[in-house]
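**Q** Sharing query-v1.cif (mmCIF, N, CA, C and O atoms) below.
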data_upload
#
loop_
_atom_site.label_atom_id
_atom_site.label_comp_id
_atom_site.auth_asym_id
_atom_site.auth_seq_id
_atom_site.Cartn_x
_atom_site.Cartn_y
_atom_site.Cartn_z
N MET A 1 64.43 160.54 4.56
CA MET A 1 63.83 159.31 5.04
C MET A 1 64.50 158.14 4.31
O MET A 1 64.51 158.10 3.08
N GLY A 2 65.03 157.20 5.04
CA GLY A 2 65.69 156.05 4.44
C GLY A 2 64.74 154.88 4.25
O GLY A 2 63.56 154.93 4.63
N PHE A 3 65.25 153.81 3.68
CA PHE A 3 64.46 152.62 3.40
C PHE A 3 63.82 152.06 4.67
O PHE A 3 62.64 151.76 4.70
N LEU A 4 64.62 151.95 5.74
CA LEU A 4 64.11 151.41 6.99
C LEU A 4 63.00 152.28 7.55
O LEU A 4 61.94 151.78 7.96
N ASP A 5 63.19 153.58 7.55
CA ASP A 5 62.15 154.49 8.04
C ASP A 5 60.89 154.41 7.19
O ASP A 5 59.78 154.39 7.70
N LEU A 6 61.10 154.36 5.88
CA LEU A 6 59.97 154.38 4.96
C LEU A 6 59.14 153.10 5.06
O LEU A 6 57.92 153.14 5.12
N TYR A 7 59.81 151.94 5.09
CA TYR A 7 59.08 150.68 5.07
C TYR A 7 58.93 150.01 6.44
O TYR A 7 58.08 149.15 6.60
N GLY A 8 59.74 150.39 7.38
CA GLY A 8 59.69 149.77 8.70
C GLY A 8 58.92 150.58 9.72
O GLY A 8 58.44 150.04 10.71
N GLY A 9 58.85 151.88 9.51
CA GLY A 9 58.17 152.72 10.48
C GLY A 9 59.04 153.00 11.68
O GLY A 9 60.23 152.67 11.71
N PRO A 10 58.46 153.58 12.73
CA PRO A 10 59.26 153.97 13.89
C PRO A 10 59.78 152.80 14.73
O PRO A 10 60.81 152.91 15.38
N SER A 11 59.11 151.67 14.73
CA SER A 11 59.53 150.51 15.53
C SER A 11 59.50 149.24 14.67
O SER A 11 58.65 148.36 14.86
N PRO A 12 60.42 149.10 13.73
CA PRO A 12 60.36 147.95 12.83
C PRO A 12 60.72 146.64 13.52
O PRO A 12 61.78 146.53 14.13
N ALA A 13 59.85 145.67 13.45
CA ALA A 13 60.10 144.37 14.07
C ALA A 13 60.80 143.45 13.08
O ALA A 13 60.41 143.36 11.92
N GLY A 14 61.85 142.79 13.53
CA GLY A 14 62.52 141.81 12.71
C GLY A 14 63.58 142.34 11.76
O GLY A 14 64.25 141.57 11.09
N TRP A 15 63.77 143.64 11.72
CA TRP A 15 64.71 144.22 10.77
C TRP A 15 66.17 144.02 11.20
O TRP A 15 67.08 144.19 10.41
N GLU A 16 66.38 143.63 12.42
CA GLU A 16 67.75 143.40 12.87
C GLU A 16 68.28 142.03 12.44
O GLU A 16 69.48 141.79 12.42
N LEU A 17 67.39 141.12 12.07
CA LEU A 17 67.79 139.76 11.71
C LEU A 17 68.77 139.70 10.53
O LEU A 17 69.75 138.96 10.59
N PRO A 18 68.54 140.45 9.45
CA PRO A 18 69.51 140.38 8.35
C PRO A 18 70.92 140.79 8.77
O PRO A 18 71.90 140.24 8.28
N TYR A 19 71.02 141.74 9.69
CA TYR A 19 72.35 142.18 10.14
C TYR A 19 73.08 141.07 10.90
O TYR A 19 74.29 141.01 10.89
N GLN A 20 72.34 140.18 11.52
CA GLN A 20 72.96 139.07 12.24
C GLN A 20 73.58 138.06 11.28
O GLN A 20 74.45 137.28 11.66
N GLU A 21 73.13 138.06 10.04
CA GLU A 21 73.64 137.12 9.04
C GLU A 21 74.86 137.64 8.30
O GLU A 21 75.54 136.88 7.61
N LEU A 22 75.15 138.93 8.44
CA LEU A 22 76.31 139.50 7.75
C LEU A 22 77.59 138.79 8.18
O LEU A 22 77.81 138.53 9.35
N GLY A 23 78.41 138.46 7.21
CA GLY A 23 79.67 137.80 7.49
C GLY A 23 79.58 136.29 7.56
O GLY A 23 80.59 135.60 7.57
N LYS A 24 78.38 135.74 7.62
CA LYS A 24 78.20 134.29 7.64
C LYS A 24 78.18 133.78 6.19
O LYS A 24 77.94 134.54 5.26
N PRO A 25 78.42 132.49 6.00
CA PRO A 25 78.38 131.95 4.63
C PRO A 25 77.02 132.19 3.98
O PRO A 25 75.98 132.14 4.64
N LEU A 26 77.04 132.43 2.69
CA LEU A 26 75.81 132.64 1.95
C LEU A 26 75.01 131.35 1.87
O LEU A 26 75.57 130.25 1.91
N ALA A 27 73.71 131.45 1.74
CA ALA A 27 72.84 130.28 1.66
C ALA A 27 73.24 129.38 0.50
O ALA A 27 73.16 128.15 0.62
N ILE A 28 73.71 129.96 -0.58
CA ILE A 28 74.08 129.16 -1.74
C ILE A 28 75.21 128.20 -1.42
O ILE A 28 75.31 127.12 -1.99
N VAL A 29 76.06 128.56 -0.46
CA VAL A 29 77.17 127.68 -0.07
C VAL A 29 76.62 126.44 0.62
O VAL A 29 77.06 125.32 0.35
N GLY A 30 75.66 126.61 1.50
CA GLY A 30 75.09 125.48 2.23
C GLY A 30 74.04 124.71 1.44
O GLY A 30 73.96 123.49 1.52
N GLU A 31 73.24 125.42 0.67
CA GLU A 31 72.12 124.81 -0.04
C GLU A 31 72.51 124.34 -1.44
O GLU A 31 71.92 123.41 -1.96
N GLY A 32 73.45 125.02 -2.07
CA GLY A 32 73.85 124.68 -3.43
C GLY A 32 72.89 125.25 -4.46
O GLY A 32 71.95 125.96 -4.13
N LEU A 33 73.14 124.91 -5.70
CA LEU A 33 72.31 125.37 -6.81
C LEU A 33 71.29 124.31 -7.17
O LEU A 33 71.53 123.11 -7.01
N MET A 34 70.17 124.75 -7.68
CA MET A 34 69.16 123.82 -8.16
C MET A 34 68.68 124.33 -9.51
O MET A 34 68.19 125.46 -9.62
N ALA A 35 68.84 123.54 -10.53
CA ALA A 35 68.38 123.94 -11.86
C ALA A 35 66.87 123.80 -11.96
O ALA A 35 66.28 122.91 -11.35
N LYS A 36 66.26 124.69 -12.72
CA LYS A 36 64.84 124.57 -12.98
C LYS A 36 64.58 123.29 -13.77
O LYS A 36 65.34 122.96 -14.67
N ARG A 37 63.54 122.60 -13.44
CA ARG A 37 63.22 121.35 -14.15
C ARG A 37 62.73 121.61 -15.56
O ARG A 37 62.97 120.81 -16.47
N PHE A 38 62.01 122.70 -15.75
CA PHE A 38 61.43 123.02 -17.05
C PHE A 38 61.94 124.40 -17.50
O PHE A 38 62.03 125.30 -16.68
N PRO A 39 62.20 124.59 -18.79
CA PRO A 39 62.73 125.87 -19.28
C PRO A 39 61.62 126.88 -19.56
O PRO A 39 61.50 127.41 -20.66
N CYS A 40 60.78 127.10 -18.55
CA CYS A 40 59.66 128.03 -18.72
C CYS A 40 59.37 128.68 -17.37
O CYS A 40 60.02 128.39 -16.38
N CYS A 41 58.38 129.54 -17.35
CA CYS A 41 58.01 130.25 -16.13
C CYS A 41 57.74 129.27 -14.98
O CYS A 41 57.05 128.27 -15.15
N THR A 42 58.30 129.57 -13.84
CA THR A 42 58.13 128.71 -12.67
C THR A 42 56.66 128.53 -12.30
O THR A 42 56.30 127.51 -11.71
N ALA A 43 55.81 129.46 -12.68
CA ALA A 43 54.39 129.35 -12.37
C ALA A 43 53.73 128.17 -13.07
O ALA A 43 52.63 127.76 -12.71
N THR A 44 54.40 127.57 -14.06
CA THR A 44 53.86 126.39 -14.75
C THR A 44 54.32 125.09 -14.12
O THR A 44 53.75 124.04 -14.40
N HIS A 45 55.35 125.12 -13.29
CA HIS A 45 56.01 123.90 -12.85
C HIS A 45 55.13 122.94 -12.07
O HIS A 45 55.19 121.73 -12.30
N ARG A 46 54.32 123.42 -11.17
CA ARG A 46 53.46 122.50 -10.40
C ARG A 46 52.45 121.81 -11.31
O ARG A 46 52.21 120.61 -11.19
N ALA A 47 51.87 122.58 -12.22
CA ALA A 47 50.90 121.99 -13.14
C ALA A 47 51.58 120.97 -14.05
O ALA A 47 51.03 119.90 -14.32
N LEU A 48 52.77 121.29 -14.51
CA LEU A 48 53.51 120.35 -15.36
C LEU A 48 53.86 119.08 -14.60
O LEU A 48 53.69 117.97 -15.11
N ASP A 49 54.35 119.24 -13.37
CA ASP A 49 54.66 118.06 -12.55
C ASP A 49 53.42 117.19 -12.36
O ASP A 49 53.48 115.97 -12.49
N CYS A 50 52.30 117.83 -12.02
CA CYS A 50 51.06 117.07 -11.79
C CYS A 50 50.60 116.39 -13.06
O CYS A 50 50.21 115.21 -13.03
N PHE A 51 50.62 117.10 -14.18
CA PHE A 51 50.19 116.51 -15.43
C PHE A 51 51.06 115.32 -15.80
O PHE A 51 50.54 114.25 -16.16
N LEU A 52 52.37 115.47 -15.74
CA LEU A 52 53.27 114.38 -16.13
C LEU A 52 53.13 113.17 -15.20
O LEU A 52 53.17 112.03 -15.65
N ARG A 53 52.91 113.43 -13.92
CA ARG A 53 52.72 112.33 -12.98
C ARG A 53 51.41 111.60 -13.28
O ARG A 53 51.36 110.36 -13.30
N LEU A 54 50.36 112.36 -13.51
CA LEU A 54 49.06 111.76 -13.84
C LEU A 54 49.15 110.96 -15.13
O LEU A 54 48.64 109.84 -15.21
N ARG A 55 49.82 111.51 -16.13
CA ARG A 55 50.00 110.80 -17.39
C ARG A 55 50.75 109.48 -17.19
O ARG A 55 50.37 108.44 -17.73
N ASP A 56 51.80 109.52 -16.37
CA ASP A 56 52.56 108.31 -16.11
C ASP A 56 51.75 107.28 -15.32
O ASP A 56 51.81 106.08 -15.61
N GLU A 57 50.97 107.74 -14.35
CA GLU A 57 50.18 106.82 -13.53
C GLU A 57 49.02 106.21 -14.31
O GLU A 57 48.67 105.05 -14.12
N GLN A 58 48.39 107.01 -15.16
CA GLN A 58 47.19 106.57 -15.87
C GLN A 58 47.49 106.06 -17.29
O GLN A 58 46.59 105.56 -17.97
N ALA A 59 48.71 106.24 -17.74
CA ALA A 59 49.16 105.74 -19.05
C ALA A 59 48.26 106.20 -20.20
O ALA A 59 47.85 105.41 -21.04
N PHE A 60 47.95 107.48 -20.24
CA PHE A 60 47.18 108.00 -21.37
C PHE A 60 48.12 108.74 -22.33
O PHE A 60 49.25 109.07 -22.00
N THR A 61 47.62 108.96 -23.53
CA THR A 61 48.38 109.69 -24.55
C THR A 61 47.65 110.98 -24.90
O THR A 61 46.50 111.18 -24.48
N VAL A 62 48.27 111.79 -25.71
CA VAL A 62 47.65 113.04 -26.12
C VAL A 62 46.34 112.77 -26.87
O VAL A 62 45.39 113.55 -26.77
N ALA A 63 46.24 111.66 -27.57
CA ALA A 63 45.01 111.31 -28.30
C ALA A 63 43.84 111.04 -27.35
O ALA A 63 42.68 111.16 -27.74
N ASP A 64 44.14 110.69 -26.10
CA ASP A 64 43.10 110.39 -25.12
C ASP A 64 42.53 111.65 -24.46
O ASP A 64 41.52 111.57 -23.76
N VAL A 65 43.15 112.79 -24.65
CA VAL A 65 42.76 114.02 -23.94
C VAL A 65 41.84 114.86 -24.82
O VAL A 65 42.22 115.28 -25.91
N ASP A 66 40.62 115.09 -24.32
CA ASP A 66 39.68 115.97 -25.01
C ASP A 66 39.85 117.41 -24.55
O ASP A 66 39.76 118.35 -25.34
N SER A 67 40.05 117.58 -23.25
CA SER A 67 40.24 118.91 -22.69
C SER A 67 40.97 118.78 -21.36
O SER A 67 41.07 117.68 -20.80
N LEU A 68 41.46 119.89 -20.89
CA LEU A 68 42.21 119.91 -19.64
C LEU A 68 41.96 121.23 -18.95
O LEU A 68 42.06 122.29 -19.59
N ASP A 69 41.61 121.19 -17.68
CA ASP A 69 41.41 122.41 -16.90
C ASP A 69 42.50 122.50 -15.85
O ASP A 69 42.75 121.54 -15.12
N ILE A 70 43.13 123.65 -15.77
CA ILE A 70 44.15 123.91 -14.77
C ILE A 70 43.77 125.20 -14.06
O ILE A 70 43.52 126.22 -14.70
N VAL A 71 43.72 125.15 -12.75
CA VAL A 71 43.38 126.32 -11.96
C VAL A 71 44.66 126.87 -11.35
O VAL A 71 45.42 126.13 -10.73
N VAL A 72 44.89 128.16 -11.56
CA VAL A 72 46.05 128.82 -10.96
C VAL A 72 45.57 130.06 -10.22
O VAL A 72 44.50 130.59 -10.50
N GLY A 73 46.37 130.49 -9.28
CA GLY A 73 46.05 131.69 -8.53
C GLY A 73 46.25 132.95 -9.37
O GLY A 73 46.84 132.93 -10.45
N TYR A 74 45.77 134.05 -8.83
CA TYR A 74 45.82 135.33 -9.53
C TYR A 74 47.25 135.72 -9.91
O TYR A 74 47.51 136.14 -11.03
N GLY A 75 48.18 135.56 -8.98
CA GLY A 75 49.56 135.94 -9.25
C GLY A 75 50.17 135.12 -10.37
O GLY A 75 50.89 135.64 -11.22
N HIS A 76 49.87 133.83 -10.39
CA HIS A 76 50.39 132.98 -11.46
C HIS A 76 49.75 133.35 -12.80
O HIS A 76 50.42 133.37 -13.83
N LYS A 77 48.47 133.63 -12.78
CA LYS A 77 47.78 134.00 -14.03
C LYS A 77 48.38 135.28 -14.60
O LYS A 77 48.51 135.41 -15.82
N ARG A 78 48.76 136.20 -13.75
CA ARG A 78 49.40 137.43 -14.24
C ARG A 78 50.72 137.11 -14.91
O ARG A 78 51.09 137.75 -15.90
N ASN A 79 51.47 136.14 -14.39
CA ASN A 79 52.73 135.75 -15.02
C ASN A 79 52.50 134.99 -16.32
O ASN A 79 53.27 135.10 -17.26
N LEU A 80 51.45 134.20 -16.36
CA LEU A 80 51.15 133.35 -17.52
C LEU A 80 50.14 134.06 -18.41
O LEU A 80 49.01 133.62 -18.59
N MET A 81 50.56 135.14 -18.98
CA MET A 81 49.63 136.04 -19.66
C MET A 81 49.35 135.71 -21.12
O MET A 81 48.51 136.33 -21.75
N TYR A 82 50.04 134.72 -21.68
CA TYR A 82 49.90 134.45 -23.11
C TYR A 82 49.14 133.15 -23.35
O TYR A 82 49.69 132.07 -23.24
N ASP A 83 47.86 133.27 -23.70
CA ASP A 83 47.07 132.09 -24.01
C ASP A 83 47.40 131.57 -25.41
O ASP A 83 47.36 130.37 -25.66
N LEU A 84 47.73 132.47 -26.32
CA LEU A 84 48.10 132.12 -27.69
C LEU A 84 49.44 132.77 -28.01
O LEU A 84 49.50 133.79 -28.71
N PRO A 85 50.52 132.22 -27.52
CA PRO A 85 51.83 132.84 -27.71
C PRO A 85 52.24 132.88 -29.19
O PRO A 85 51.93 131.97 -29.95
N GLU A 86 52.93 133.96 -29.55
CA GLU A 86 53.38 134.13 -30.93
C GLU A 86 54.90 134.06 -31.04
O GLU A 86 55.43 134.00 -32.16
N THR A 87 55.60 134.09 -29.92
CA THR A 87 57.06 134.04 -29.94
C THR A 87 57.53 133.02 -28.90
O THR A 87 56.76 132.62 -28.01
N ALA A 88 58.80 132.66 -28.97
CA ALA A 88 59.36 131.74 -27.98
C ALA A 88 59.33 132.36 -26.59
O ALA A 88 59.05 131.67 -25.60
N ALA A 89 59.59 133.64 -26.50
CA ALA A 89 59.56 134.32 -25.20
C ALA A 89 58.15 134.27 -24.61
O ALA A 89 57.98 134.04 -23.41
N GLN A 90 57.14 134.48 -25.42
CA GLN A 90 55.76 134.42 -24.94
C GLN A 90 55.39 132.98 -24.56
O GLN A 90 54.69 132.76 -23.58
N ALA A 91 55.89 132.02 -25.31
CA ALA A 91 55.57 130.61 -25.04
C ALA A 91 56.03 130.20 -23.65
O ALA A 91 55.37 129.40 -22.99
N ARG A 92 57.16 130.74 -23.19
CA ARG A 92 57.65 130.39 -21.86
C ARG A 92 56.72 130.89 -20.76
O ARG A 92 56.79 130.43 -19.63
N PHE A 93 55.85 131.82 -21.10
CA PHE A 93 54.90 132.38 -20.14
C PHE A 93 53.46 132.04 -20.53
O PHE A 93 52.55 132.82 -20.33
N SER A 94 53.28 130.86 -21.10
CA SER A 94 51.96 130.38 -21.51
C SER A 94 51.73 128.99 -20.94
O SER A 94 52.39 128.03 -21.33
N MET A 95 50.76 128.87 -20.04
CA MET A 95 50.42 127.55 -19.50
C MET A 95 49.93 126.65 -20.62
O MET A 95 50.27 125.47 -20.68
N HIS A 96 49.14 127.22 -21.54
CA HIS A 96 48.60 126.44 -22.65
C HIS A 96 49.73 125.80 -23.45
O HIS A 96 49.69 124.60 -23.75
N TYR A 97 50.71 126.57 -23.81
CA TYR A 97 51.81 126.06 -24.61
C TYR A 97 52.62 125.01 -23.84
O TYR A 97 52.94 123.95 -24.37
N CYS A 98 52.95 125.32 -22.59
CA CYS A 98 53.79 124.41 -21.80
C CYS A 98 53.11 123.06 -21.58
O CYS A 98 53.76 122.01 -21.71
N ILE A 99 51.83 123.07 -21.28
CA ILE A 99 51.12 121.81 -21.10
C ILE A 99 51.01 121.07 -22.43
O ILE A 99 51.16 119.84 -22.48
N ALA A 100 50.77 121.78 -23.53
CA ALA A 100 50.71 121.13 -24.83
C ALA A 100 52.03 120.45 -25.17
O ALA A 100 52.04 119.31 -25.66
N VAL A 101 53.14 121.12 -24.90
CA VAL A 101 54.45 120.51 -25.14
C VAL A 101 54.63 119.27 -24.27
O VAL A 101 55.13 118.24 -24.72
N ALA A 102 54.22 119.37 -23.02
CA ALA A 102 54.32 118.21 -22.12
C ALA A 102 53.47 117.05 -22.62
O ALA A 102 53.87 115.90 -22.55
N MET A 103 52.27 117.36 -23.15
CA MET A 103 51.41 116.31 -23.68
C MET A 103 52.06 115.61 -24.87
O MET A 103 52.01 114.40 -24.98
N ILE A 104 52.64 116.41 -25.74
CA ILE A 104 53.18 115.86 -26.99
C ILE A 104 54.53 115.18 -26.78
O ILE A 104 54.77 114.09 -27.29
N SER A 105 55.39 115.83 -26.02
CA SER A 105 56.77 115.31 -25.92
C SER A 105 57.18 114.78 -24.56
O SER A 105 58.24 114.17 -24.44
N GLY A 106 56.37 115.05 -23.56
CA GLY A 106 56.72 114.57 -22.23
C GLY A 106 57.76 115.43 -21.59
O GLY A 106 58.28 115.13 -20.56
#
Rewrite the structure from the file as structure tokens, please.

**A**
Amino acid sequence: MGFLDLYGGPSPAGWELPYQELGKPLAIVGEGLMAKRFPCCTATHRALDCFLRLRDEQAFTVADVDSLDIVVGYGHKRNLMYDLPETAAQARFSMHYCIAVAMISG
């Protein structure tokens, strides 16, 4: 049993589309590269963007913040598993750390 049989079943819909793209330029040629804005897990990026925009619009500082609540979906929470990171690698997967850095350094 091959991949197509295993995951597509006897009548897989849409599986012929990738074959139509063979030989055409890769998406990277047309779209180009895009660097990540923040050097941390992508699951933090929307919250960081929102926080930084709110900070810029409302002109508050870290001293003005008593607490902050951020709601993320289940999949993002699984990626952001370190509430109290102990290493740099863990910090990249900690919403708490990333937002704290954004508060302090922008």

**Q** Residues at most 8 Å from Ala102 (chain A), counting all atoms listed in the file, excluding those fewer than 4 positions away in the same chain, as a compact mmCIF listing (two decimals) with N, CA, C and O atoms, in the coordinates of the input?

**A**
# COMPACT_ATOMS: atom_id res chain seq x y z
N LEU A 48 52.77 121.29 -14.51
CA LEU A 48 53.51 120.35 -15.36
C LEU A 48 53.86 119.08 -14.60
O LEU A 48 53.69 117.97 -15.11
N PHE A 51 50.62 117.10 -14.18
CA PHE A 51 50.19 116.51 -15.43
C PHE A 51 51.06 115.32 -15.80
O PHE A 51 50.54 114.25 -16.16
N LEU A 52 52.37 115.47 -15.74
CA LEU A 52 53.27 114.38 -16.13
C LEU A 52 53.13 113.17 -15.20
O LEU A 52 53.17 112.03 -15.65
N VAL A 62 48.27 111.79 -25.71
CA VAL A 62 47.65 113.04 -26.12
C VAL A 62 46.34 112.77 -26.87
O VAL A 62 45.39 113.55 -26.77
N MET A 95 50.76 128.87 -20.04
CA MET A 95 50.42 127.55 -19.50
C MET A 95 49.93 126.65 -20.62
O MET A 95 50.27 125.47 -20.68
N HIS A 96 49.14 127.22 -21.54
CA HIS A 96 48.60 126.44 -22.65
C HIS A 96 49.73 125.80 -23.45
O HIS A 96 49.69 124.60 -23.75
N TYR A 97 50.71 126.57 -23.81
CA TYR A 97 51.81 126.06 -24.61
C TYR A 97 52.62 125.01 -23.84
O TYR A 97 52.94 123.95 -24.37
N CYS A 98 52.95 125.32 -22.59
CA CYS A 98 53.79 124.41 -21.80
C CYS A 98 53.11 123.06 -21.58
O CYS A 98 53.76 122.01 -21.71
N GLY A 106 56.37 115.05 -23.56
CA GLY A 106 56.72 114.57 -22.23
C GLY A 106 57.76 115.43 -21.59
O GLY A 106 58.28 115.13 -20.56

**Q** I'd like to know which of A:Ala100, A:Ile70, A:Glu21, A:His45 is closest to Leu84 (chain A), using only C-alpha atoms.

**A** A:Ala100

**Q** For atom C of Ala89 (chain A) and atom O of Tyr74 (chain A), quote the distance in Å rounded to one decimal.

**A**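 These two atoms are separated by 17.4 Å.
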
**Q** Assign secondary structure with DSSP using the backbone only, and return the residues of chain A in helix (DSSP H, G or I) as an MDAnalysis selection string.

**A** chainID A and resid 3:8 17:21 27:31 42:58 62:64 74:79 88:91 95:105

**Q** Let me know the centre plus edge lengths, in Å and rounded to one decimal, of a box with edges along x, y and z that contains all listed atoms of region 3-21 of chain A and is padded by 5 Å on every side, as AutoDock Vina command-line options.

**A**
--center_x 66.7 --center_y 145.7 --center_z 9.5 --size_x 27.6 --size_y 27.6 --size_z 22.1

**Q** Rounded to one decimal place, report the CA of Ala27 (chain A)-CA of Arg92 (chain A) distance in Å.

**A** 28.0 Å
